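Enquirer: For reference, the file start.txt (compact mmCIF, C-alpha atoms) is included below:
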# COMPACT_ATOMS: atom_id res chain seq x y z
CA MET A 1101 0.00 0.00 0.00
CA MET A 1102 1.33 3.41 -0.88
CA SER A 1103 2.01 5.77 1.92
CA ALA A 1104 -0.43 8.65 2.02
CA VAL A 1105 2.20 10.96 3.44
CA MET A 1106 4.53 12.55 0.92
CA GLU A 1107 7.65 14.31 1.98
CA GLN A 1108 7.73 17.90 0.75
CA ARG A 1109 10.92 18.55 -1.18
CA PRO A 1110 12.73 21.66 0.07
CA SER A 1111 12.74 24.53 -2.41
CA ALA A 1112 15.91 25.52 -4.24
CA MET A 1113 16.04 28.65 -2.09
CA GLN A 1114 15.85 26.56 1.09
CA ARG A 1115 18.59 24.25 -0.14
CA ALA A 1116 20.73 27.21 -1.20
CA THR A 1117 20.28 28.89 2.17
CA GLU A 1118 21.40 25.66 3.80
CA GLY A 1119 24.64 25.81 1.79
CA ASP A 1120 23.91 23.95 -1.45
CA ALA A 1121 26.00 25.74 -4.10
CA ASP A 1122 24.32 23.93 -6.99
CA SER A 1123 20.91 25.14 -5.88
CA PHE A 1124 22.14 28.70 -5.62
CA ALA A 1125 23.80 28.44 -9.04
CA MET A 1126 20.51 27.19 -10.45
CA LEU A 1127 18.65 30.12 -8.89
CA ILE A 1128 20.93 32.80 -10.26
CA ASP A 1129 21.63 31.21 -13.62
CA PRO A 1130 18.70 33.01 -15.34
CA LEU A 1131 19.91 36.26 -13.75
CA LEU A 1132 23.45 36.10 -15.11
CA ASN A 1133 22.55 37.44 -18.52
CA PRO A 1134 20.70 40.54 -17.25
CA ALA A 1135 23.37 41.01 -14.59
CA TYR A 1136 26.08 40.94 -17.23
CA ARG A 1137 24.22 43.43 -19.45
CA LEU A 1138 23.74 45.76 -16.50
CA ALA A 1139 27.43 45.53 -15.60
CA ALA A 1140 28.59 45.96 -19.20
CA VAL A 1141 26.60 49.17 -19.60
CA MET A 1142 27.73 50.52 -16.23
CA LEU A 1143 31.40 49.70 -16.80
CA SER A 1144 31.61 50.00 -20.62
CA ASP A 1145 33.99 47.08 -20.44
CA ARG A 1146 32.84 43.56 -21.23
CA MET A 1147 35.66 41.71 -19.51
CA ALA A 1148 35.29 43.77 -16.38
CA ALA A 1149 31.54 43.19 -16.53
CA GLU A 1150 32.00 39.41 -16.39
CA ASP A 1151 34.45 39.79 -13.52
CA ALA A 1152 31.94 41.96 -11.67
CA VAL A 1153 29.13 39.45 -12.18
CA GLN A 1154 31.31 36.62 -10.91
CA GLU A 1155 32.37 38.61 -7.85
CA ALA A 1156 28.79 39.72 -7.18
CA SER A 1157 27.60 36.10 -7.41
CA VAL A 1158 30.08 35.05 -4.75
CA LYS A 1159 29.07 37.96 -2.51
CA ALA A 1160 25.41 37.13 -2.94
CA TRP A 1161 26.17 33.51 -2.11
CA ARG A 1162 28.00 34.50 1.07
CA ASN A 1163 25.19 36.81 2.16
CA LEU A 1164 22.20 34.79 1.04
CA ARG A 1165 20.86 34.63 4.59
CA GLN A 1166 20.11 38.36 4.37
CA LEU A 1167 17.28 37.48 1.98
CA ARG A 1168 15.70 35.20 4.60
CA GLY A 1169 14.33 32.82 1.99
CA ASP A 1170 12.45 35.48 0.04
CA GLU A 1171 12.87 34.15 -3.49
CA GLY A 1172 10.62 36.88 -4.88
CA SER A 1173 13.18 39.53 -3.98
CA LEU A 1174 16.14 37.60 -5.40
CA ARG A 1175 16.39 39.40 -8.75
CA ALA A 1176 16.30 42.95 -7.36
CA TRP A 1177 18.64 41.95 -4.52
CA PHE A 1178 21.13 40.27 -6.84
CA LEU A 1179 21.10 43.11 -9.38
CA SER A 1180 21.68 45.64 -6.59
CA ILE A 1181 24.76 43.64 -5.56
CA VAL A 1182 25.96 43.62 -9.17
CA ALA A 1183 25.47 47.40 -9.43
CA ASN A 1184 27.36 47.87 -6.19
CA GLU A 1185 30.18 45.63 -7.43
CA CYS A 1186 30.40 47.79 -10.57
CA ARG A 1187 30.79 50.89 -8.40
CA MET A 1188 33.50 49.16 -6.38
CA THR A 1189 35.24 48.12 -9.61
CA ARG A 1190 35.23 51.70 -10.83
CA ARG A 1191 36.59 52.97 -7.51
CA ARG A 1192 39.32 50.32 -7.49
CA ARG A 1193 40.46 51.05 -11.00
CA TRP A 1194 40.46 54.87 -11.08
CA TRP A 1195 44.17 54.90 -10.42
CA SER A 1196 44.92 51.99 -12.74
CA VAL A 1197 43.21 53.89 -15.56
CA VAL A 1198 45.71 56.66 -15.03
CA LYS A 1199 48.62 54.26 -14.76
CA SER A 1200 47.78 52.03 -17.67
CA ALA A 1201 45.64 53.94 -20.10
CA GLU A 1202 47.12 51.97 -23.00
CA VAL A 1203 46.05 48.65 -21.56
CA GLU A 1204 42.58 50.01 -20.90
CA SER A 1205 42.21 51.22 -24.46
CA GLU A 1206 43.23 47.78 -25.72
CA ARG A 1207 40.56 46.18 -23.58
CA ARG A 1208 37.95 48.44 -25.15
CA THR A 1209 38.63 47.43 -28.73
CA ASP A 1210 35.39 45.50 -28.70
CA LEU A 1211 33.49 48.80 -28.63
CA PRO A 1212 32.58 50.50 -31.91
CA SER A 1213 34.86 53.17 -33.30
CA ARG A 1214 34.17 56.78 -32.35
CA GLU A 1215 32.95 57.54 -35.88
CA ALA A 1216 30.32 54.87 -35.64
CA LEU A 1217 28.80 56.29 -32.51
CA THR A 1218 25.27 57.55 -32.92
CA ASP A 1219 24.01 60.72 -31.29
CA LEU A 1220 22.13 58.60 -28.79
CA ARG A 1221 25.22 56.65 -27.88
CA ARG A 1222 27.19 59.84 -27.45
CA ALA A 1223 24.50 61.10 -25.13
CA LEU A 1224 24.60 57.80 -23.24
CA ALA A 1225 28.35 58.05 -22.89
CA ARG A 1226 27.91 61.43 -21.20
CA LEU A 1227 25.76 59.88 -18.48
CA SER A 1228 27.46 58.65 -15.34
CA PRO A 1229 27.17 54.90 -14.62
CA ASP A 1230 24.68 55.65 -11.86
CA GLU A 1231 22.56 57.65 -14.28
CA ARG A 1232 22.64 54.79 -16.78
CA LEU A 1233 21.59 52.28 -14.14
CA PRO A 1234 17.85 53.18 -13.92
CA LEU A 1235 17.64 53.30 -17.73
CA VAL A 1236 19.15 49.83 -18.03
CA LEU A 1237 16.87 48.41 -15.37
CA TYR A 1238 13.69 49.94 -16.74
CA PHE A 1239 14.13 49.99 -20.50
CA TYR A 1240 16.73 47.32 -21.22
CA LEU A 1241 16.00 44.67 -18.60
CA ASP A 1242 12.31 45.61 -18.61
CA LEU A 1243 11.95 45.45 -14.84
CA PRO A 1244 8.67 46.74 -13.38
CA LEU A 1245 8.94 50.06 -11.57
CA ASP A 1246 8.65 48.52 -8.09
CA GLU A 1247 11.58 46.20 -8.83
CA VAL A 1248 13.63 49.07 -10.25
CA ALA A 1249 12.94 50.90 -6.98
CA ARG A 1250 14.04 47.91 -4.89
CA THR A 1251 17.20 47.50 -6.93
CA LEU A 1252 18.02 51.18 -6.53
CA ARG A 1253 16.90 51.03 -2.88
CA VAL A 1254 14.66 54.04 -3.28
CA SER A 1255 10.91 54.64 -3.32
CA GLN A 1256 8.95 54.05 -6.53
CA SER A 1257 8.43 57.77 -7.05
CA ALA A 1258 12.16 58.38 -6.64
CA ALA A 1259 12.92 55.56 -9.09
CA LYS A 1260 10.51 57.05 -11.61
CA SER A 1261 12.11 60.42 -11.15
CA ARG A 1262 15.60 58.99 -11.73
CA ILE A 1263 14.48 57.24 -14.92
CA TYR A 1264 12.86 60.43 -16.13
CA ARG A 1265 15.85 62.63 -15.34
CA ALA A 1266 18.27 60.29 -17.10
CA ALA A 1267 15.98 59.81 -20.11
CA ARG A 1268 15.50 63.58 -20.38
CA ARG A 1269 19.24 63.91 -20.88
CA LEU A 1270 18.89 61.62 -23.87
CA ARG A 1271 15.67 63.04 -25.27
CA SER A 1272 14.87 66.57 -24.20
CA ASP A 1273 11.23 66.53 -25.33
CA LEU A 1274 10.36 63.69 -22.96
CA ILE A 1275 7.46 64.28 -20.57
CA LEU A 1276 7.11 62.63 -17.16
CA GLU A 1277 3.90 60.78 -18.08
CA GLU A 1278 5.84 58.80 -20.66
CA VAL A 1279 7.71 57.07 -17.85
CA SER A 1280 4.97 54.93 -16.37
CA MET B 291 7.19 56.56 -23.70
CA SER B 292 7.73 56.34 -27.41
CA GLN B 293 8.36 52.79 -28.53
CA ASN B 294 10.96 54.17 -30.94
CA PHE B 295 12.91 55.69 -28.09
CA ARG B 296 12.86 52.40 -26.18
CA ARG B 297 13.89 50.45 -29.28
CA ASP B 298 16.71 52.83 -30.15
CA LEU B 299 17.94 52.88 -26.59
CA ASN B 300 17.95 49.11 -26.32
CA ARG B 301 19.82 48.84 -29.59
CA GLU B 302 22.53 51.07 -28.17
CA PHE B 303 22.64 49.06 -24.97
CA ASP B 304 22.96 45.89 -27.04
CA ALA B 305 25.86 47.42 -28.95
CA ILE B 306 27.64 48.37 -25.74
CA SER B 307 27.14 45.13 -23.86
CA GLY B 308 27.10 42.43 -26.54
CA SER B 309 26.41 39.00 -25.09
CA PRO B 310 28.11 37.36 -22.16
CA SER B 311 30.60 34.67 -23.02
CA PRO B 312 29.11 31.16 -23.01
CA ALA B 313 31.55 30.25 -20.24
CA LEU B 314 30.16 32.80 -17.77
CA SER B 315 27.70 30.40 -16.20
CA ALA B 316 30.35 27.69 -15.67
CA ARG B 317 32.78 30.29 -14.37
CA VAL B 318 30.27 31.49 -11.78
CA ARG B 319 29.48 27.92 -10.73
CA ALA B 320 33.16 27.20 -10.20
CA ALA B 321 33.58 30.39 -8.17
CA LEU B 322 30.59 29.47 -6.00
CA ALA B 323 31.94 25.99 -5.37
CA GLU B 324 35.21 27.50 -4.14
CA ASN B 325 33.56 30.10 -1.93
CA ARG B 326 31.09 28.39 0.32
CA PRO B 327 29.44 30.75 2.79
CA ALA B 328 30.81 30.66 6.31
CA ARG B 329 28.81 28.36 8.56
CA THR B 330 27.78 29.86 11.82
CA GLY B 331 28.12 26.66 13.85
CA PRO B 332 31.90 26.53 14.22
CA PHE B 333 32.01 30.24 14.99
CA TRP B 334 29.53 29.78 17.81
CA MET B 335 31.56 26.88 19.15
CA ALA B 336 34.80 28.82 18.84
CA GLY B 337 33.17 31.83 20.48
CA LEU B 338 31.84 29.69 23.33
CA ALA B 339 35.26 28.13 23.89
CA ALA B 340 36.93 31.56 23.78
CA GLY B 341 34.33 32.89 26.22
CA LEU B 342 34.95 30.06 28.69
CA ILE B 343 38.69 30.59 28.52
CA ALA B 344 38.20 34.33 29.02
CA VAL B 345 35.98 33.73 32.07
CA ILE B 346 38.58 31.41 33.62
CA VAL B 347 41.43 33.86 32.95
CA VAL B 348 39.44 36.84 34.28
CA GLY B 349 38.44 34.80 37.35
CA VAL B 350 42.04 33.91 38.13
CA LEU B 351 43.14 37.54 37.68
CA VAL B 352 40.30 38.86 39.88
CA VAL B 353 41.14 36.41 42.69
CA ALA B 354 44.85 37.24 42.43
CA SER B 355 44.11 40.97 42.36
CA PHE B 356 41.77 40.70 45.37
CA ASN B 357 44.39 38.86 47.40
CA ARG B 358 47.00 41.47 46.56
CA HIS B 359 44.70 44.44 47.33
CA GLN B 360 43.78 43.05 50.75
CA THR B 361 47.27 43.96 51.91
CA SER B 362 48.24 46.90 49.69
CA VAL B 363 45.21 49.16 49.00
CA LEU B 364 45.43 52.49 50.79
CA PRO B 365 42.41 54.57 51.78
CA GLY B 366 41.20 56.77 48.93
CA THR B 367 42.90 54.76 46.20
CA ALA B 368 40.09 52.44 45.28
CA PRO B 369 40.28 51.39 41.63
CA THR B 370 38.01 53.20 39.15
CA PRO B 371 35.34 50.98 37.65
CA SER B 372 36.12 50.03 34.05
CA THR B 373 33.91 51.30 31.26
CA THR B 374 34.71 48.24 29.17
CA PRO B 375 31.72 45.98 28.36
CA SER B 376 31.57 43.19 30.86
CA SER B 377 30.05 40.51 28.68
CA ASN B 378 32.76 40.82 26.02
CA PRO B 379 35.70 42.72 27.38
CA SER B 380 37.61 45.00 25.04
CA PRO B 381 40.94 43.58 23.92
CA SER B 382 42.69 46.64 25.32
CA PRO B 383 40.79 47.82 28.36
CA ALA B 384 43.64 50.04 29.53
CA GLN B 385 43.01 52.30 26.53
CA THR B 386 39.37 52.88 27.40
CA PRO B 387 39.16 56.51 28.52
CA PRO B 388 37.86 57.19 32.01
CA ASP B 389 34.22 58.28 32.25
CA SER B 390 35.23 61.91 32.79
CA ASN B 391 36.70 62.03 29.26
CA LEU B 392 33.65 60.57 27.59
CA PRO B 393 31.15 62.76 25.76
CA ALA B 394 27.94 63.66 27.57
CA PHE B 395 24.78 61.69 26.95
CA VAL B 396 22.45 63.26 24.41
CA CYS B 397 18.75 62.94 25.11
CA ALA B 398 17.22 64.15 21.83
CA GLY B 399 18.17 64.63 18.22
CA PRO B 400 20.91 63.18 16.07
CA VAL B 401 24.59 62.69 16.87
CA SER B 402 27.40 62.52 14.30
CA LEU B 403 30.99 61.36 14.61
CA VAL B 404 33.74 62.16 12.12
CA GLY B 405 36.75 59.87 11.99
CA THR B 406 40.37 60.88 11.58
CA GLY B 407 42.69 59.25 9.06
CA SER B 408 39.82 57.07 7.93
CA PRO B 409 40.32 54.50 5.16
CA THR B 410 38.04 54.61 2.12
CA VAL B 411 36.23 51.59 3.52
CA ALA B 412 36.53 50.60 7.18
CA PHE B 413 36.01 46.87 7.56
CA VAL B 414 33.95 45.73 10.53
CA ASP B 415 35.39 42.61 12.11
CA ALA B 416 33.49 42.36 15.40
CA VAL B 417 30.28 43.53 17.03
CA ARG B 418 29.88 43.20 20.80
CA THR B 419 27.40 44.20 23.44
CA GLY B 420 27.62 44.64 27.18
CA THR B 421 25.67 46.08 30.08
CA HIS B 422 27.05 48.24 32.86
CA SER B 423 25.86 50.30 35.75
CA GLY B 424 24.32 53.30 33.99
CA TYR B 425 24.42 52.19 30.38
CA ASP B 426 24.10 49.36 27.88
CA ARG B 427 26.86 49.32 25.29
CA MET B 428 27.33 48.35 21.66
CA THR B 429 30.88 48.14 20.33
CA ILE B 430 31.71 47.82 16.64
CA GLU B 431 35.33 47.01 15.92
CA PHE B 432 37.11 47.80 12.63
CA ASN B 433 40.27 46.10 11.42
CA ASN B 434 41.76 49.00 9.43
CA GLY B 435 40.78 52.25 11.12
CA GLU B 436 37.70 54.18 12.12
CA PRO B 437 35.05 54.97 9.50
CA GLY B 438 34.71 58.43 7.97
CA THR B 439 31.32 59.39 9.35
CA VAL B 440 28.78 57.87 11.68
CA ASP B 441 25.27 59.32 12.04
CA MET B 442 22.94 58.27 14.82
CA SER B 443 19.38 59.38 15.32
CA PRO B 444 16.37 58.35 17.41
CA HIS B 445 13.91 56.27 15.40
CA ASP B 446 10.13 56.25 15.82
CA GLY B 447 9.10 52.73 16.80
CA THR B 448 11.21 49.67 16.15
CA THR B 449 10.34 48.95 12.52
CA PHE B 450 13.26 49.49 10.16
CA THR B 451 13.48 49.10 6.37
CA GLN B 452 16.26 46.79 5.24
CA GLY B 453 18.57 47.95 2.48
CA ALA B 454 18.52 46.09 -0.83
CA SER B 455 15.49 43.92 -0.15
CA GLY B 456 13.33 46.81 1.06
CA GLN B 457 11.71 44.49 3.57
CA GLN B 458 10.64 45.84 6.92
CA VAL B 459 11.82 44.28 10.15
CA THR B 460 10.48 44.95 13.60
CA LEU B 461 12.83 44.71 16.54
CA GLN B 462 12.06 44.13 20.18
CA GLY B 463 11.23 47.17 22.28
CA SER B 464 9.09 50.26 21.89
CA THR B 465 11.45 52.77 20.31
CA GLY B 466 14.64 52.69 18.31
CA LEU B 467 17.96 54.20 17.39
CA LEU B 468 19.37 54.13 13.86
CA VAL B 469 23.13 53.96 13.41
CA ILE B 470 24.48 54.76 9.92
CA ILE B 471 28.16 54.09 9.29
CA HIS B 472 29.37 55.69 6.07
CA GLY B 473 32.44 54.28 4.34
CA SER B 474 32.16 50.86 5.91
CA ASP B 475 31.71 47.21 4.99
CA GLU B 476 30.42 44.42 7.16
CA HIS B 477 30.54 41.45 4.81
CA THR B 478 34.26 41.12 4.09
CA ALA B 479 35.84 40.65 7.51
CA TYR B 480 32.77 40.10 9.68
CA SER B 481 31.04 36.74 9.95
CA GLY B 482 29.21 37.14 13.25
CA SER B 483 25.53 37.57 13.95
CA THR B 484 23.61 40.39 12.30
CA ASP B 485 20.69 40.06 14.70
CA ILE B 486 21.66 40.19 18.37
CA LYS B 487 19.08 39.88 21.11
CA THR B 488 20.14 40.85 24.61
CA ALA B 489 18.46 40.58 27.96
CA TYR B 490 19.51 44.07 29.02
CA SER B 491 17.13 46.56 30.55
CA VAL B 492 17.09 49.12 27.69
CA LEU B 493 19.08 47.83 24.69
CA LEU B 494 17.00 44.80 23.70
CA GLU B 495 17.90 43.98 20.12
CA LEU B 496 20.49 45.03 17.54
CA ARG B 497 20.02 44.22 13.89
CA GLN B 498 22.01 45.03 10.79
CA VAL B 499 19.57 46.64 8.37
CA GLU B 500 21.98 47.55 5.61
CA ASP B 501 25.39 46.57 4.32
CA PHE B 502 25.51 48.03 0.86
CA GLU B 503 27.42 50.55 -1.24
CA GLY B 504 29.92 51.15 1.54
CA THR B 505 27.22 51.99 4.04
CA VAL B 506 26.41 49.87 7.08
CA GLN B 507 23.29 50.50 9.13
CA TRP B 508 22.23 48.97 12.41
CA GLY B 509 18.81 49.34 13.97
CA LEU B 510 18.69 49.25 17.76
CA GLY B 511 15.48 48.27 19.56
CA LEU B 512 15.11 49.96 22.96
CA SER B 513 12.65 49.31 25.76
CA LYS B 514 12.12 53.06 26.27
CA THR B 515 13.35 56.41 25.01
CA ALA B 516 16.85 56.81 26.39
CA CYS B 517 19.78 59.21 26.24
CA TYR B 518 22.80 57.99 24.33
CA ARG B 519 26.39 58.88 23.48
CA ALA B 520 28.91 57.68 20.92
CA PHE B 521 32.66 57.90 20.57
CA TYR B 522 35.63 56.23 18.95
CA LEU B 523 38.34 54.22 20.70
CA THR B 524 41.64 53.28 19.11
CA ASN B 525 43.95 50.25 18.98
CA PRO B 526 41.93 48.60 17.67
CA ALA B 527 39.56 51.15 16.11
CA ARG B 528 36.15 50.87 17.72
CA LEU B 529 32.86 52.71 17.57
CA VAL B 530 31.21 52.67 20.99
CA ILE B 531 27.55 53.51 21.54
CA ASP B 532 26.23 53.74 25.09
CA ILE B 533 22.52 53.79 25.87
CA GLN B 534 21.61 55.07 29.32
CA ASN B 535 19.80 52.41 31.33
CA SER B 536 19.06 54.24 34.55
Take the structure from the file and write it as structure tokens.
Expert:
Amino acid sequence: MMSAVMEQRPSAMQRATEGDADSFAMLIDPLLNPAYRLAAVMLSDRMAAEDAVQEASVKAWRNLRQLRGDEGSLRAWFLSIVANECRMTRRRRWWSVVKSAEVESERRTDLPSREALTDLRRALARLSPDERLPLVLYFYLDLPLDEVARTLRVSQSAAKSRIYRAARRLRSDLILEEVS
Amino acid sequence: MSQNFRRDLNREFDAISGSPSPALSARVRAALAENRPARTGPFWMAGLAAGLIAVIVVGVLVVASFNRHQTSVLPGTAPTPSTTPSSNPSPSPAQTPPDSNLPAFVCAGPVSLVGTGSPTVAFVDAVRTGTHSGYDRMTIEFNNGEPGTVDMSPHDGTTFTQGASGQQVTLQGSTGLLVIIHGSDEHTAYSGSTDIKTAYSVLLELRQVEDFEGTVQWGLGLSKTACYRAFYLTNPARLVIDIQNS
């Protein structure tokens, strides 16, 4: 006779919180692509972006208990760690950019030539990484406004305002209602 | 928002980022396998063992000191009580300033501390609590110098919003104190508890509510509105927060 009692299998988040690296890797695997795109736009350096995603993944893994099993917040939480890692990367390398500008320019050969830049890309290049961040989250990664706010760790109205301000610098005729 | 604008923008983002290398996923998996999170169990056991040893050593020293003082203490030369937390003594109690040199307790409004010679990021490596006659104490120790700025302010109620997740947490007590440490990091060198419950009379619970972008925040749950003071100690660098309990 079959037992009527079935054991409930622990969720991937539970297993990850208990220290199962494979479960955590499975959880963040779908997030690696958006995380990489976010990092690449913030850093304008594809190699550094992959390094930042790897480092952020390890930090998230070490601090997973902070999420307290809330799988629904994983994406915003992870992307906020990636964004923070990008800021740390930029801080760490400000001096190395001065010391080894030649090496840096070699690493950027994967970017299009200056002549090929469109007006929009020039305008994007004038934005700081932190100004690009809300645009990437909202337009590129297509996150809902509440998740953009959680990733930026601000209120929804503040997130909307940041998106609007950054987008206005790209398109001056933008009106606030278009960011909804 | 014009769909053309979104499309054009995304095309530019695509051009900047390209696609991640196919090896990224495997690379992350390998990094995760090599960097398992610290388990709390062994730290608790090590802490318990260290605590027992400390109690034995302190006991022996107290007995020896008492025996010596019975024959040598002169009238009017009674030792000054230490301001070092009793539950987790400071590693260098002799460098704790006497009470007369400590700042006055503040009973309303915010308090700020500005560090000297602060590193870009001050790494927290220990958080301790203790209770004394007159105050409950929180001590945050840094392994590379005191942080640039610390802001403290009374907090209505004991519900705090956690950084990153945006979740709200409610601490024990009826009112709170928010401690914001700018230019600090609590995930690199610190592996202790981020939610400490005490059985003290005023300071009931301490909880880390943010460790992000070089900013560390702790929420303190208090049993009642209380005056407080904060100051730095050196060698090692420590931030000390006292909450009046009488």
Enquirer: Using only C-alpha atoms, determine which residues lie at most 12 Å from Arg1190 of chain A, disregarding the query and same-chain residues fewer than 6 positions distant; provide the list as a PyMOL selection string.
Expert: chain A and resi 1139+1142-1145+1148-1149+1152+1183-1184+1196-1197+1228-1230
Enquirer: Restricting it to C-alpha atoms, dump the selection as a compact mmCIF listing (two decimals), in the coordinates of the input.
Expert:
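Saved the output as result.txt:
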# COMPACT_ATOMS: atom_id res chain seq x y z
CA ALA A 1139 27.43 45.53 -15.60
CA MET A 1142 27.73 50.52 -16.23
CA LEU A 1143 31.40 49.70 -16.80
CA SER A 1144 31.61 50.00 -20.62
CA ASP A 1145 33.99 47.08 -20.44
CA ALA A 1148 35.29 43.77 -16.38
CA ALA A 1149 31.54 43.19 -16.53
CA ALA A 1152 31.94 41.96 -11.67
CA ALA A 1183 25.47 47.40 -9.43
CA ASN A 1184 27.36 47.87 -6.19
CA SER A 1196 44.92 51.99 -12.74
CA VAL A 1197 43.21 53.89 -15.56
CA SER A 1228 27.46 58.65 -15.34
CA PRO A 1229 27.17 54.90 -14.62
CA ASP A 1230 24.68 55.65 -11.86
Enquirer: Just the residues within 8 Å of segment 513-518 of chain B, please, counting all atoms listed in the file, with nothing from its chain fewer than 5 positions along; format it as a list in words.
Expert: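 Neighbouring residues, sequence-local ones excluded: Phe395, Val396, Cys397, Ala398, Gln462, Gly463, Ser464, Thr465, Gly466, Ser491, Val492, Leu493, Leu494, Ile531, Asp532, Ile533, Gln534 and Asn535 of chain B.
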Enquirer: Go ahead and write the residues just picked, C-alpha atoms, as a PDB file, in the coordinates of the input.
Expert:
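Result went into result_21.pdb, see below:
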ATOM      1  CA  PHE B 395      24.780  61.690  26.950  1.00  0.00           C
ATOM      2  CA  VAL B 396      22.450  63.260  24.410  1.00  0.00           C
ATOM      3  CA  CYS B 397      18.750  62.940  25.110  1.00  0.00           C
ATOM      4  CA  ALA B 398      17.220  64.150  21.830  1.00  0.00           C
ATOM      5  CA  GLN B 462      12.060  44.130  20.180  1.00  0.00           C
ATOM      6  CA  GLY B 463      11.230  47.170  22.280  1.00  0.00           C
ATOM      7  CA  SER B 464       9.090  50.260  21.890  1.00  0.00           C
ATOM      8  CA  THR B 465      11.450  52.770  20.310  1.00  0.00           C
ATOM      9  CA  GLY B 466      14.640  52.690  18.310  1.00  0.00           C
ATOM     10  CA  SER B 491      17.130  46.560  30.550  1.00  0.00           C
ATOM     11  CA  VAL B 492      17.090  49.120  27.690  1.00  0.00           C
ATOM     12  CA  LEU B 493      19.080  47.830  24.690  1.00  0.00           C
ATOM     13  CA  LEU B 494      17.000  44.800  23.700  1.00  0.00           C
ATOM     14  CA  ILE B 531      27.550  53.510  21.540  1.00  0.00           C
ATOM     15  CA  ASP B 532      26.230  53.740  25.090  1.00  0.00           C
ATOM     16  CA  ILE B 533      22.520  53.790  25.870  1.00  0.00           C
ATOM     17  CA  GLN B 534      21.610  55.070  29.320  1.00  0.00           C
ATOM     18  CA  ASN B 535      19.800  52.410  31.330  1.00  0.00           C
TER      19      ASN B 535
END
Enquirer: Tell me, as a list in words, which residues lie within 12 Å of Ala320 of chain B, counting all atoms listed in the file; anything in the same chain fewer than 4 positions away does not count.
Expert: Ala1121, Asp1122, Ala1125, Gln1154, Glu1155, Ser1157 and Val1158 of chain A; Ala313, Leu314, Ser315, Ala316, Glu324, Asn325 and Arg326 of chain B
Enquirer: Go ahead and write the residues just picked, C-alpha atoms, as a CSV table (one decimal), in the coordinates of the input.
Expert:
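File produced: part-v2.csv:
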chain,number,residue,atom,x,y,z
A,1121,ALA,CA,26.0,25.7,-4.1
A,1122,ASP,CA,24.3,23.9,-7.0
A,1125,ALA,CA,23.8,28.4,-9.0
A,1154,GLN,CA,31.3,36.6,-10.9
A,1155,GLU,CA,32.4,38.6,-7.8
A,1157,SER,CA,27.6,36.1,-7.4
A,1158,VAL,CA,30.1,35.0,-4.8
B,313,ALA,CA,31.6,30.2,-20.2
B,314,LEU,CA,30.2,32.8,-17.8
B,315,SER,CA,27.7,30.4,-16.2
B,316,ALA,CA,30.4,27.7,-15.7
B,324,GLU,CA,35.2,27.5,-4.1
B,325,ASN,CA,33.6,30.1,-1.9
B,326,ARG,CA,31.1,28.4,0.3
Enquirer: Output the contact residues of chain A with respect to chain B at a cut-off of 8 Å, based on all atoms listed in the file, as an MDAnalysis selection string.
Expert: chainID A and resid 1119 1121:1122 1125 1129 1132:1133 1136:1137 1140:1141 1144:1146 1150 1154 1157:1158 1161:1163 1167 1173 1176:1177 1180:1181 1184 1187 1211:1212 1220:1221 1236 1239:1240 1250:1253 1274 1277:1280
Enquirer: So which one's closest to Asp1151 of chain A, A:Phe1178, A:Glu1118, A:Thr1189, A:Leu1138? Using only C-alpha atoms, please.
Expert: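 Looking only at the distances to Asp1151 of chain A, the closest residue turns out to be A:Thr1189.
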Enquirer: Using only C-alpha atoms for the distances, tell me which of B:Thr505, B:Ser483, B:Thr524, B:Thr488 is nearest to Arg427 of chain B.
Expert: B:Thr488
Enquirer: So which residues fall inside 12 Å of (36.3, 46.3, 8.7) if we count only C-alpha atoms? Mind giving them as a short mmCIF file (atom, residue, chain, number, x, y, z; two decimals) with C-alpha atoms, in the frame of the given file?
Expert:
data_model
loop_
_atom_site.label_atom_id
_atom_site.label_comp_id
_atom_site.auth_asym_id
_atom_site.auth_seq_id
_atom_site.Cartn_x
_atom_site.Cartn_y
_atom_site.Cartn_z
CA SER B 408 39.82 57.07 7.93
CA PRO B 409 40.32 54.50 5.16
CA THR B 410 38.04 54.61 2.12
CA VAL B 411 36.23 51.59 3.52
CA ALA B 412 36.53 50.60 7.18
CA PHE B 413 36.01 46.87 7.56
CA VAL B 414 33.95 45.73 10.53
CA ASP B 415 35.39 42.61 12.11
CA ALA B 416 33.49 42.36 15.40
CA VAL B 417 30.28 43.53 17.03
CA ILE B 430 31.71 47.82 16.64
CA GLU B 431 35.33 47.01 15.92
CA PHE B 432 37.11 47.80 12.63
CA ASN B 433 40.27 46.10 11.42
CA ASN B 434 41.76 49.00 9.43
CA GLY B 435 40.78 52.25 11.12
CA GLU B 436 37.70 54.18 12.12
CA PRO B 437 35.05 54.97 9.50
CA ILE B 471 28.16 54.09 9.29
CA HIS B 472 29.37 55.69 6.07
CA GLY B 473 32.44 54.28 4.34
CA SER B 474 32.16 50.86 5.91
CA ASP B 475 31.71 47.21 4.99
CA GLU B 476 30.42 44.42 7.16
CA HIS B 477 30.54 41.45 4.81
CA THR B 478 34.26 41.12 4.09
CA ALA B 479 35.84 40.65 7.51
CA TYR B 480 32.77 40.10 9.68
CA SER B 481 31.04 36.74 9.95
CA ASP B 501 25.39 46.57 4.32
CA GLY B 504 29.92 51.15 1.54
CA THR B 505 27.22 51.99 4.04
CA VAL B 506 26.41 49.87 7.08
CA PRO B 526 41.93 48.60 17.67
CA ALA B 527 39.56 51.15 16.11
CA ARG B 528 36.15 50.87 17.72
CA LEU B 529 32.86 52.71 17.57
#
Enquirer: To one decimal in Å, tell me the separation between atom CA of Asp1219 of chain A and atom CA of Glu1231 of chain A.
Expert: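 Between these atoms lies a distance of 17.3 Å.
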Enquirer: Enter the distance from atom CA of Asp426 of chain B to atom CA of Pro393 of chain B, in Å, rounded to one decimal.
Expert: 15.3 Å
